[in-house]
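Peer 1: If it helps, the file is called run_31.txt and holds compact mmCIF, C-alpha atoms:
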# COMPACT_ATOMS: atom_id res chain seq x y z
CA MET A 205 -67.42 -23.10 -10.44
CA ARG A 206 -65.45 -20.46 -8.57
CA LYS A 207 -67.05 -18.20 -5.97
CA GLU A 208 -65.56 -15.41 -3.92
CA LEU A 209 -67.07 -14.71 -0.52
CA ARG A 210 -66.53 -12.11 2.15
CA PHE A 211 -67.98 -12.52 5.64
CA SER A 212 -67.89 -9.36 7.76
CA GLY A 213 -69.03 -7.96 11.08
CA PHE A 214 -67.47 -6.71 14.28
CA GLY A 215 -65.00 -8.44 16.57
CA GLY A 216 -66.68 -10.93 18.88
CA GLN A 217 -69.39 -12.02 16.46
CA GLY A 218 -67.47 -15.07 15.37
CA VAL A 219 -67.06 -13.92 11.79
CA ILE A 220 -63.67 -15.60 11.39
CA LEU A 221 -65.11 -18.84 12.74
CA MET A 222 -67.89 -18.60 10.14
CA GLY A 223 -65.20 -18.57 7.48
CA HIS A 224 -63.39 -21.58 8.86
CA ILE A 225 -66.64 -23.55 9.20
CA PHE A 226 -67.67 -22.75 5.64
CA GLY A 227 -64.15 -23.53 4.37
CA LYS A 228 -64.06 -26.91 6.04
CA ALA A 229 -67.56 -27.76 4.84
CA ALA A 230 -66.62 -26.93 1.26
CA VAL A 231 -63.61 -29.26 1.53
CA PHE A 232 -65.89 -32.01 2.82
CA ASP A 233 -67.84 -31.40 -0.39
CA GLY A 234 -64.65 -31.98 -2.41
CA LYS A 235 -63.92 -28.35 -3.23
CA ASN A 236 -60.68 -26.38 -3.10
CA VAL A 237 -60.74 -23.50 -0.66
CA THR A 238 -58.54 -20.61 0.38
CA LEU A 239 -59.24 -18.43 3.38
CA THR A 240 -57.66 -15.07 4.19
CA GLN A 241 -58.12 -13.45 7.55
CA SER A 242 -56.78 -10.23 8.95
CA TYR A 243 -55.48 -9.83 12.43
CA GLY A 244 -54.86 -6.37 13.73
CA PRO A 245 -56.54 -3.34 15.19
CA GLU A 246 -59.73 -3.74 13.16
CA ALA A 247 -60.25 -7.19 14.69
CA ARG A 248 -60.60 -5.60 18.11
CA GLY A 249 -63.88 -3.75 17.58
CA GLY A 250 -64.28 -2.14 14.16
CA ALA A 251 -65.18 -3.95 10.97
CA CYS A 252 -63.56 -7.35 10.68
CA SER A 253 -63.76 -9.75 7.78
CA VAL A 254 -62.66 -13.05 6.34
CA ASP A 255 -62.33 -13.79 2.63
CA ILE A 256 -62.94 -17.21 1.14
CA ILE A 257 -62.60 -18.58 -2.36
CA VAL A 258 -64.20 -21.91 -3.19
CA SER A 259 -63.60 -23.63 -6.49
CA ASP A 260 -63.72 -26.96 -8.28
CA LYS A 261 -60.23 -26.26 -9.59
CA ASP A 262 -56.90 -25.16 -8.12
CA ILE A 263 -56.93 -21.62 -6.79
CA HIS A 264 -53.94 -19.63 -7.99
CA TYR A 265 -54.99 -16.16 -6.90
CA PRO A 266 -56.38 -16.24 -3.38
CA GLU A 267 -57.27 -12.57 -3.35
CA VAL A 268 -60.94 -11.63 -3.17
CA ARG A 269 -61.59 -8.37 -5.02
CA LYS A 270 -65.25 -8.49 -6.04
CA PRO A 271 -67.05 -10.97 -3.80
CA ASP A 272 -69.98 -12.82 -5.31
CA ILE A 273 -71.42 -13.10 -1.83
CA LEU A 274 -71.07 -10.63 1.02
CA ILE A 275 -72.36 -11.31 4.51
CA SER A 276 -72.56 -8.26 6.77
CA MET A 277 -73.27 -8.79 10.42
CA SER A 278 -72.86 -5.09 11.33
CA GLN A 279 -73.63 -1.68 9.83
CA PRO A 280 -69.98 -0.49 9.77
CA ALA A 281 -69.00 -3.71 8.01
CA LEU A 282 -71.72 -3.14 5.43
CA LYS A 283 -70.51 0.39 4.85
CA THR A 284 -66.90 -0.76 4.49
CA TYR A 285 -67.45 -3.73 2.24
CA LEU A 286 -70.62 -3.09 0.20
CA PRO A 287 -68.67 -1.17 -2.47
CA SER A 288 -66.64 -4.33 -3.09
CA LEU A 289 -69.64 -6.55 -3.84
CA ALA A 290 -69.85 -7.76 -7.44
CA GLU A 291 -72.60 -6.17 -9.51
CA ASP A 292 -74.64 -9.35 -9.62
CA GLY A 293 -73.51 -10.34 -6.13
CA ILE A 294 -75.76 -11.34 -3.27
CA LEU A 295 -75.80 -9.51 0.04
CA PHE A 296 -76.74 -11.25 3.28
CA ILE A 297 -77.39 -9.10 6.36
CA ASP A 298 -78.29 -9.59 9.98
CA THR A 299 -81.46 -7.48 9.97
CA SER A 300 -81.28 -7.19 13.77
CA LEU A 301 -78.23 -4.98 13.37
CA VAL A 302 -78.05 -3.86 9.76
CA GLU A 303 -80.44 -1.64 7.86
CA TYR A 304 -80.26 -1.92 4.11
CA THR A 305 -82.77 -2.89 1.46
CA VAL A 306 -82.19 -3.83 -2.13
CA MET A 307 -83.90 -6.44 -4.21
CA GLU A 308 -81.15 -9.03 -4.05
CA ASN A 309 -80.84 -8.80 -0.28
CA LYS A 310 -81.18 -11.82 1.90
CA GLY A 311 -81.95 -10.77 5.44
CA ILE A 312 -82.46 -12.66 8.66
CA PRO A 313 -82.70 -11.20 12.18
CA ALA A 314 -79.89 -13.48 13.30
CA THR A 315 -79.11 -11.75 16.58
CA GLU A 316 -82.75 -11.58 17.72
CA LEU A 317 -83.30 -15.20 16.73
CA ALA A 318 -80.15 -16.21 18.61
CA GLU A 319 -81.45 -14.58 21.78
CA GLU A 320 -84.85 -16.15 21.23
CA VAL A 321 -83.81 -19.74 20.57
CA ALA A 322 -80.52 -20.01 22.47
CA GLY A 323 -80.83 -17.26 25.04
CA THR A 324 -77.57 -15.73 23.78
CA ARG A 325 -76.57 -13.65 20.80
CA ILE A 326 -73.35 -15.64 20.54
CA VAL A 327 -74.83 -18.09 18.02
CA SER A 328 -76.03 -15.39 15.61
CA ASN A 329 -73.14 -16.30 13.31
CA ILE A 330 -74.25 -19.93 13.08
CA ILE A 331 -77.86 -18.94 12.44
CA MET A 332 -76.61 -16.79 9.56
CA LEU A 333 -74.57 -19.72 8.25
CA GLY A 334 -77.67 -21.93 8.30
CA TYR A 335 -79.66 -19.31 6.41
CA PHE A 336 -76.85 -18.76 3.94
CA THR A 337 -76.42 -22.49 3.35
CA ALA A 338 -80.08 -23.03 2.53
CA ALA A 339 -80.31 -19.89 0.40
CA THR A 340 -77.21 -20.48 -1.72
CA GLY A 341 -76.76 -24.25 -1.84
CA LEU A 342 -73.01 -23.59 -2.13
CA VAL A 343 -72.26 -26.33 0.37
CA THR A 344 -74.33 -29.23 1.59
CA GLU A 345 -76.24 -29.19 4.85
CA GLU A 346 -74.42 -32.35 5.93
CA SER A 347 -70.94 -30.92 5.40
CA MET A 348 -71.85 -27.77 7.30
CA LYS A 349 -73.10 -29.76 10.26
CA LYS A 350 -69.94 -31.86 10.22
CA ALA A 351 -67.77 -28.73 10.08
CA ILE A 352 -69.69 -27.06 12.91
CA SER A 353 -69.27 -30.16 15.06
CA LYS A 354 -65.52 -30.06 14.47
CA LEU A 355 -64.91 -26.35 14.96
CA VAL A 356 -67.16 -24.94 17.68
CA PRO A 357 -65.98 -25.26 21.30
CA LYS A 358 -66.63 -28.59 22.94
CA GLY A 359 -69.85 -28.60 24.93
CA THR A 360 -71.52 -26.15 22.54
CA VAL A 361 -72.01 -28.45 19.55
CA GLU A 362 -75.66 -29.22 20.19
CA LYS A 363 -76.62 -25.60 20.77
CA ASN A 364 -74.83 -24.59 17.59
CA LEU A 365 -76.44 -27.32 15.52
CA GLU A 366 -79.84 -26.14 16.75
CA ALA A 367 -78.95 -22.60 15.76
CA PHE A 368 -77.86 -23.81 12.33
CA GLN A 369 -81.20 -25.54 11.88
CA VAL A 370 -83.15 -22.41 12.79
CA GLY A 371 -81.29 -20.44 10.13
CA PHE A 372 -81.46 -23.23 7.60
CA ASP A 373 -85.24 -23.59 7.93
CA LYS A 374 -85.70 -19.85 7.39
CA GLY A 375 -83.42 -19.94 4.36
CA LYS A 376 -85.37 -22.68 2.65
CA LYS A 377 -88.49 -20.54 2.54
CA MET B 243 -41.60 -2.64 7.48
CA ARG B 244 -43.53 -5.20 5.46
CA LYS B 245 -42.53 -8.85 5.30
CA GLU B 246 -44.06 -11.72 3.38
CA LEU B 247 -43.72 -15.19 4.85
CA ARG B 248 -44.64 -18.67 3.68
CA PHE B 249 -44.60 -21.63 6.07
CA SER B 250 -44.80 -25.02 4.36
CA GLY B 251 -44.65 -28.72 5.08
CA PHE B 252 -46.93 -31.72 4.92
CA GLY B 253 -50.35 -32.18 6.52
CA GLY B 254 -50.10 -33.14 10.17
CA GLN B 255 -46.98 -31.10 10.94
CA GLY B 256 -48.97 -28.20 12.31
CA VAL B 257 -47.87 -25.77 9.63
CA ILE B 258 -51.17 -23.87 9.67
CA LEU B 259 -50.94 -23.57 13.45
CA MET B 260 -47.46 -22.11 13.06
CA GLY B 261 -48.97 -19.39 10.93
CA HIS B 262 -51.71 -18.59 13.41
CA ILE B 263 -49.25 -18.47 16.31
CA PHE B 264 -46.91 -16.16 14.42
CA GLY B 265 -49.84 -14.00 13.28
CA LYS B 266 -51.17 -13.58 16.79
CA ALA B 267 -47.70 -12.83 18.17
CA ALA B 268 -47.17 -10.13 15.57
CA VAL B 269 -50.48 -8.52 16.57
CA PHE B 270 -49.37 -8.60 20.20
CA ASP B 271 -46.35 -6.66 18.96
CA GLY B 272 -48.69 -4.06 17.45
CA LYS B 273 -48.35 -5.14 13.81
CA ASN B 274 -50.97 -5.63 11.13
CA VAL B 275 -51.21 -9.17 9.84
CA THR B 276 -53.02 -11.12 7.15
CA LEU B 277 -52.99 -14.87 6.92
CA THR B 278 -54.05 -16.98 3.95
CA GLN B 279 -54.47 -20.72 4.27
CA SER B 280 -55.56 -23.30 1.76
CA TYR B 281 -57.88 -26.12 2.51
CA GLY B 282 -58.20 -28.90 0.01
CA PRO B 283 -56.58 -32.05 -1.25
CA GLU B 284 -53.04 -30.82 -0.70
CA ALA B 285 -53.80 -30.37 3.01
CA ARG B 286 -54.35 -34.10 3.29
CA GLY B 287 -50.81 -35.28 2.65
CA GLY B 288 -48.94 -33.37 -0.03
CA ALA B 289 -47.34 -29.97 0.38
CA CYS B 290 -49.38 -27.61 2.49
CA SER B 291 -48.68 -24.00 3.27
CA VAL B 292 -49.82 -20.85 4.97
CA ASP B 293 -48.98 -17.32 3.83
CA ILE B 294 -48.58 -14.42 6.21
CA ILE B 295 -47.94 -10.74 5.68
CA VAL B 296 -46.83 -8.62 8.61
CA SER B 297 -46.60 -4.87 8.36
CA ASP B 298 -46.50 -1.67 10.36
CA LYS B 299 -49.12 -0.25 8.01
CA ASP B 300 -52.47 -1.36 6.59
CA ILE B 301 -52.20 -4.33 4.26
CA HIS B 302 -54.13 -3.79 1.05
CA TYR B 303 -52.86 -6.72 -0.99
CA PRO B 304 -52.82 -9.87 1.12
CA GLU B 305 -51.29 -12.01 -1.60
CA VAL B 306 -47.80 -13.40 -1.01
CA ARG B 307 -45.93 -13.72 -4.31
CA LYS B 308 -42.26 -13.57 -3.39
CA PRO B 309 -41.88 -14.45 0.27
CA ASP B 310 -39.02 -12.81 2.16
CA ILE B 311 -38.97 -15.83 4.42
CA LEU B 312 -39.78 -19.41 3.53
CA ILE B 313 -39.96 -22.20 6.08
CA SER B 314 -39.96 -25.71 4.62
CA MET B 315 -40.69 -28.60 6.94
CA SER B 316 -40.64 -31.21 4.14
CA GLN B 317 -38.75 -31.93 0.92
CA PRO B 318 -41.83 -31.78 -1.35
CA ALA B 319 -42.76 -28.43 0.20
CA LEU B 320 -39.25 -27.15 -0.49
CA LYS B 321 -39.47 -28.30 -4.07
CA THR B 322 -42.87 -26.67 -4.54
CA TYR B 323 -42.16 -23.35 -2.88
CA LEU B 324 -38.44 -22.64 -3.23
CA PRO B 325 -38.91 -21.05 -6.67
CA SER B 326 -41.19 -18.48 -5.04
CA LEU B 327 -38.60 -17.28 -2.51
CA ALA B 328 -37.41 -13.71 -3.03
CA GLU B 329 -33.84 -13.39 -4.32
CA ASP B 330 -32.56 -12.03 -1.03
CA GLY B 331 -35.02 -14.16 0.95
CA ILE B 332 -34.14 -16.45 3.83
CA LEU B 333 -34.89 -20.16 3.81
CA PHE B 334 -35.51 -22.11 7.01
CA ILE B 335 -35.55 -25.91 6.82
CA ASP B 336 -36.08 -28.82 9.14
CA THR B 337 -32.76 -30.57 8.49
CA SER B 338 -34.19 -33.82 9.88
CA LEU B 339 -36.42 -34.04 6.81
CA VAL B 340 -35.09 -31.62 4.22
CA GLU B 341 -31.82 -31.69 2.36
CA TYR B 342 -30.72 -28.42 0.88
CA THR B 343 -27.70 -26.21 1.38
CA VAL B 344 -27.17 -22.65 0.34
CA MET B 345 -25.38 -19.92 2.15
CA GLU B 346 -28.48 -18.11 3.41
CA ASN B 347 -30.01 -21.28 4.81
CA LYS B 348 -31.07 -21.56 8.39
CA GLY B 349 -31.38 -25.19 9.36
CA ILE B 350 -32.42 -26.95 12.53
CA PRO B 351 -33.13 -30.68 12.96
CA ALA B 352 -36.55 -29.83 14.38
CA THR B 353 -38.06 -33.29 14.14
CA GLU B 354 -35.10 -35.05 15.77
CA LEU B 355 -34.97 -32.43 18.50
CA ALA B 356 -38.69 -32.83 19.09
CA GLU B 357 -38.30 -36.55 19.60
CA GLU B 358 -35.29 -35.96 21.84
CA VAL B 359 -36.72 -33.32 24.13
CA ALA B 360 -40.43 -34.08 24.08
CA GLY B 361 -40.51 -37.72 23.03
CA THR B 362 -42.76 -36.83 20.10
CA ARG B 363 -42.24 -35.25 16.71
CA ILE B 364 -45.49 -33.36 17.13
CA VAL B 365 -43.73 -30.28 18.54
CA SER B 366 -41.26 -29.95 15.66
CA ASN B 367 -43.29 -26.99 14.38
CA ILE B 368 -42.92 -25.12 17.67
CA ILE B 369 -39.18 -25.83 17.80
CA MET B 370 -38.90 -24.33 14.33
CA LEU B 371 -40.89 -21.30 15.47
CA GLY B 372 -38.50 -20.79 18.37
CA TYR B 373 -35.50 -21.02 16.07
CA PHE B 374 -37.11 -18.70 13.54
CA THR B 375 -38.04 -16.16 16.22
CA ALA B 376 -34.49 -15.94 17.56
CA ALA B 377 -32.93 -15.88 14.10
CA THR B 378 -35.16 -13.21 12.59
CA GLY B 379 -36.26 -11.02 15.49
CA LEU B 380 -39.46 -10.39 13.51
CA VAL B 381 -41.57 -10.84 16.63
CA THR B 382 -40.65 -10.74 20.30
CA GLU B 383 -40.05 -13.84 22.37
CA GLU B 384 -42.71 -12.68 24.84
CA SER B 385 -45.43 -12.32 22.20
CA MET B 386 -44.64 -15.72 20.76
CA LYS B 387 -44.91 -17.37 24.14
CA LYS B 388 -48.20 -15.59 24.77
CA ALA B 389 -49.53 -16.69 21.37
CA ILE B 390 -48.42 -20.29 21.91
CA SER B 391 -50.18 -20.35 25.28
CA LYS B 392 -53.39 -19.17 23.63
CA LEU B 393 -53.38 -21.40 20.58
CA VAL B 394 -51.99 -24.83 21.40
CA PRO B 395 -54.39 -27.43 22.86
CA LYS B 396 -55.02 -27.16 26.57
CA GLY B 397 -52.76 -29.44 28.57
CA THR B 398 -49.92 -29.09 26.07
CA VAL B 399 -48.89 -25.51 26.81
CA GLU B 400 -45.93 -26.36 29.01
CA LYS B 401 -44.55 -28.93 26.58
CA ASN B 402 -44.86 -26.49 23.72
CA LEU B 403 -43.20 -23.66 25.62
CA GLU B 404 -40.28 -25.98 26.38
CA ALA B 405 -40.06 -26.86 22.69
CA PHE B 406 -40.11 -23.18 21.78
CA GLN B 407 -37.22 -22.55 24.19
CA VAL B 408 -35.14 -25.35 22.66
CA GLY B 409 -35.51 -23.83 19.21
CA PHE B 410 -35.04 -20.30 20.48
CA ASP B 411 -31.75 -21.14 22.22
CA LYS B 412 -30.43 -22.76 19.03
CA GLY B 413 -31.46 -19.76 16.98
CA LYS B 414 -29.62 -17.28 19.17
CA LYS B 415 -26.31 -18.96 18.41
Mind turning the file's structure into structure tokens?
Peer 2:
Amino acid sequence: MRKELRFSGFGGQGVILMGHIFGKAAVFDGKNVTLTQSYGPEARGGACSVDIIVSDKDIHYPEVRKPDILISMSQPALKTYLPSLAEDGILFIDTSLVEYTVMENKGIPATELAEEVAGTRIVSNIIMLGYFTAATGLVTEESMKKAISKLVPKGTVEKNLEAFQVGFDKGKK
Amino acid sequence: MRKELRFSGFGGQGVILMGHIFGKAAVFDGKNVTLTQSYGPEARGGACSVDIIVSDKDIHYPEVRKPDILISMSQPALKTYLPSLAEDGILFIDTSLVEYTVMENKGIPATELAEEVAGTRIVSNIIMLGYFTAATGLVTEESMKKAISKLVPKGTVEKNLEAFQVGFDKGKK
């Protein structure tokens, strides 16, 4: 098993954090993981992204070229990265912010749900991670919760775990 | 200008943090940066590493193959990664823990200095960063200090800035 993933959105959505949470969770599951992030102008507003490879074996080439899974949390990110998605890849979008419909799409109104359940759009990334976790089964629910607890700012763990659960429950359906 | 860097050592030395501090500092200097880190078994004891590319232009291929600069904070890391160093590359080692001598070497007893000046080896990574910054001029002193202040745990900023200065002063010589 080797999967390439690209998480994308705009600066401030916590896209990089999504990558680190997923990466840590996959390690808790016993997988090898590489993560590549870009700093730079694009991180300050435009499309930003983080690439992750997860594998049962050693990873010799950490470069993601044709992601099997693309998460787009913004329309510009979708526009930038959709051409890279593998032909049989799966696209996840935040339907609060991104308009796009194809059969293989997995959509969740992460930003609206975040405002609804947490009163702030800041947890939209974690809601998406919950949805993604349930929909793909790439990592276990337990490892994701453990990784969230380790990586979100202190004092926000409970709120983030609730957000994860909201997304996870939607993804199971 | 495009430089490939690989920072390496064993788990617990803060090698990944070194990469994130350098990456942020380079962005403060107006550069583009990618950072690739590995999670997995090797992060829990054996050789661990982080790859960084810094460039004035967009970075299309984030993979480091022949680093221009290699920092090795442990002997196993040196053994693993030295063959990857570019022919005209520069090697930095923690001479407290790594034995190796070639002409292009830059060595500093980072771990001993850390114990001497801070009473703990935990800041050896920041001492190395100070030394590296002065010796290479790849990023400015100001940006490194700003990045350290943002990325080290709260309550340890002052100690880390002191450690940086110790390394920086040695590197200027």
Peer 1: Find the residues around region 338-343 of chain A up to 12 Å (only C-alpha atoms counted), leave out those fewer than 5 positions away in its own chain, and share them as a ChimeraX atom specification.
Peer 2: /A:205-209,225-235,237,257-260,272-274,293-296,308-312,331-333,348-351,368-377
Peer 1: For the atom pair CA of Ser212 (chain A) and CA of Val302 (chain A), what is the interatomic distance in Å to one decimal place?
Peer 2: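 A separation of 11.7 Å between them.
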Peer 1: Using only C-alpha atoms - which residues lie no farther than 12 Å from the point (-38.0, -31.9, 12.2) in the file's frame? Write them as a PDB file with C-alpha atoms, in the coordinates of the input.
Peer 2:
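Generated file (result_4.pdb):
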ATOM      1  CA  GLY B 251     -44.650 -28.720   5.080  1.00  0.00           C
ATOM      2  CA  PHE B 252     -46.930 -31.720   4.920  1.00  0.00           C
ATOM      3  CA  GLN B 255     -46.980 -31.100  10.940  1.00  0.00           C
ATOM      4  CA  GLY B 256     -48.970 -28.200  12.310  1.00  0.00           C
ATOM      5  CA  VAL B 257     -47.870 -25.770   9.630  1.00  0.00           C
ATOM      6  CA  ILE B 313     -39.960 -22.200   6.080  1.00  0.00           C
ATOM      7  CA  SER B 314     -39.960 -25.710   4.620  1.00  0.00           C
ATOM      8  CA  MET B 315     -40.690 -28.600   6.940  1.00  0.00           C
ATOM      9  CA  SER B 316     -40.640 -31.210   4.140  1.00  0.00           C
ATOM     10  CA  GLN B 317     -38.750 -31.930   0.920  1.00  0.00           C
ATOM     11  CA  PHE B 334     -35.510 -22.110   7.010  1.00  0.00           C
ATOM     12  CA  ILE B 335     -35.550 -25.910   6.820  1.00  0.00           C
ATOM     13  CA  ASP B 336     -36.080 -28.820   9.140  1.00  0.00           C
ATOM     14  CA  THR B 337     -32.760 -30.570   8.490  1.00  0.00           C
ATOM     15  CA  SER B 338     -34.190 -33.820   9.880  1.00  0.00           C
ATOM     16  CA  LEU B 339     -36.420 -34.040   6.810  1.00  0.00           C
ATOM     17  CA  VAL B 340     -35.090 -31.620   4.220  1.00  0.00           C
ATOM     18  CA  GLU B 341     -31.820 -31.690   2.360  1.00  0.00           C
ATOM     19  CA  GLY B 349     -31.380 -25.190   9.360  1.00  0.00           C
ATOM     20  CA  ILE B 350     -32.420 -26.950  12.530  1.00  0.00           C
ATOM     21  CA  PRO B 351     -33.130 -30.680  12.960  1.00  0.00           C
ATOM     22  CA  ALA B 352     -36.550 -29.830  14.380  1.00  0.00           C
ATOM     23  CA  THR B 353     -38.060 -33.290  14.140  1.00  0.00           C
ATOM     24  CA  GLU B 354     -35.100 -35.050  15.770  1.00  0.00           C
ATOM     25  CA  LEU B 355     -34.970 -32.430  18.500  1.00  0.00           C
ATOM     26  CA  ALA B 356     -38.690 -32.830  19.090  1.00  0.00           C
ATOM     27  CA  GLU B 357     -38.300 -36.550  19.600  1.00  0.00           C
ATOM     28  CA  GLU B 358     -35.290 -35.960  21.840  1.00  0.00           C
ATOM     29  CA  THR B 362     -42.760 -36.830  20.100  1.00  0.00           C
ATOM     30  CA  ARG B 363     -42.240 -35.250  16.710  1.00  0.00           C
ATOM     31  CA  ILE B 364     -45.490 -33.360  17.130  1.00  0.00           C
ATOM     32  CA  VAL B 365     -43.730 -30.280  18.540  1.00  0.00           C
ATOM     33  CA  SER B 366     -41.260 -29.950  15.660  1.00  0.00           C
ATOM     34  CA  ASN B 367     -43.290 -26.990  14.380  1.00  0.00           C
ATOM     35  CA  ILE B 368     -42.920 -25.120  17.670  1.00  0.00           C
ATOM     36  CA  ILE B 369     -39.180 -25.830  17.800  1.00  0.00           C
ATOM     37  CA  MET B 370     -38.900 -24.330  14.330  1.00  0.00           C
ATOM     38  CA  LEU B 371     -40.890 -21.300  15.470  1.00  0.00           C
ATOM     39  CA  TYR B 373     -35.500 -21.020  16.070  1.00  0.00           C
ATOM     40  CA  ALA B 405     -40.060 -26.860  22.690  1.00  0.00           C
ATOM     41  CA  GLY B 409     -35.510 -23.830  19.210  1.00  0.00           C
TER      42      GLY B 409
END
Peer 1: For a quick test of understanding: name the residues of chain A lying within 7 Å of chain B when counting only C-alpha atoms, and present them as JSON, numbers by chain.
Peer 2: {"A": [231, 235, 236, 237, 238, 239, 240, 241, 242, 243, 244, 266, 267]}
Peer 1: So the first atom is CA of Pro357 (chain A) and the second is CA of Pro271 (chain A); what is the distance between them in Å, to one decimal place?
Peer 2: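 Interatomic distance here is 28.9 Å.
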Peer 1: For a quick check of understanding, using all atoms listed in the file, which of B:Leu259, B:Tyr342, B:Glu404, B:His302 has the smallest distance to Val359 (chain B)?
Peer 2: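 The closest residue to Val359 (chain B) is B:Glu404.
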Peer 1: For a quick check of understanding, using all atoms listed in the file, which of A:Ala322, A:Ile220, A:Val306, A:Ala251 has the smallest distance to Lys283 (chain A)?
Peer 2: A:Ala251
Peer 1: Which centre and edge lengths in Å to one decimal define the box along x, y and z that fits every listed atom of region 257-265 of chain A plus 6 Å per side, as lines of an AutoDock Vina configuration file?
Peer 2:
center_x = -59.1
center_y = -21.6
center_z = -6.0
size_x = 22.3
size_y = 22.8
size_z = 19.2
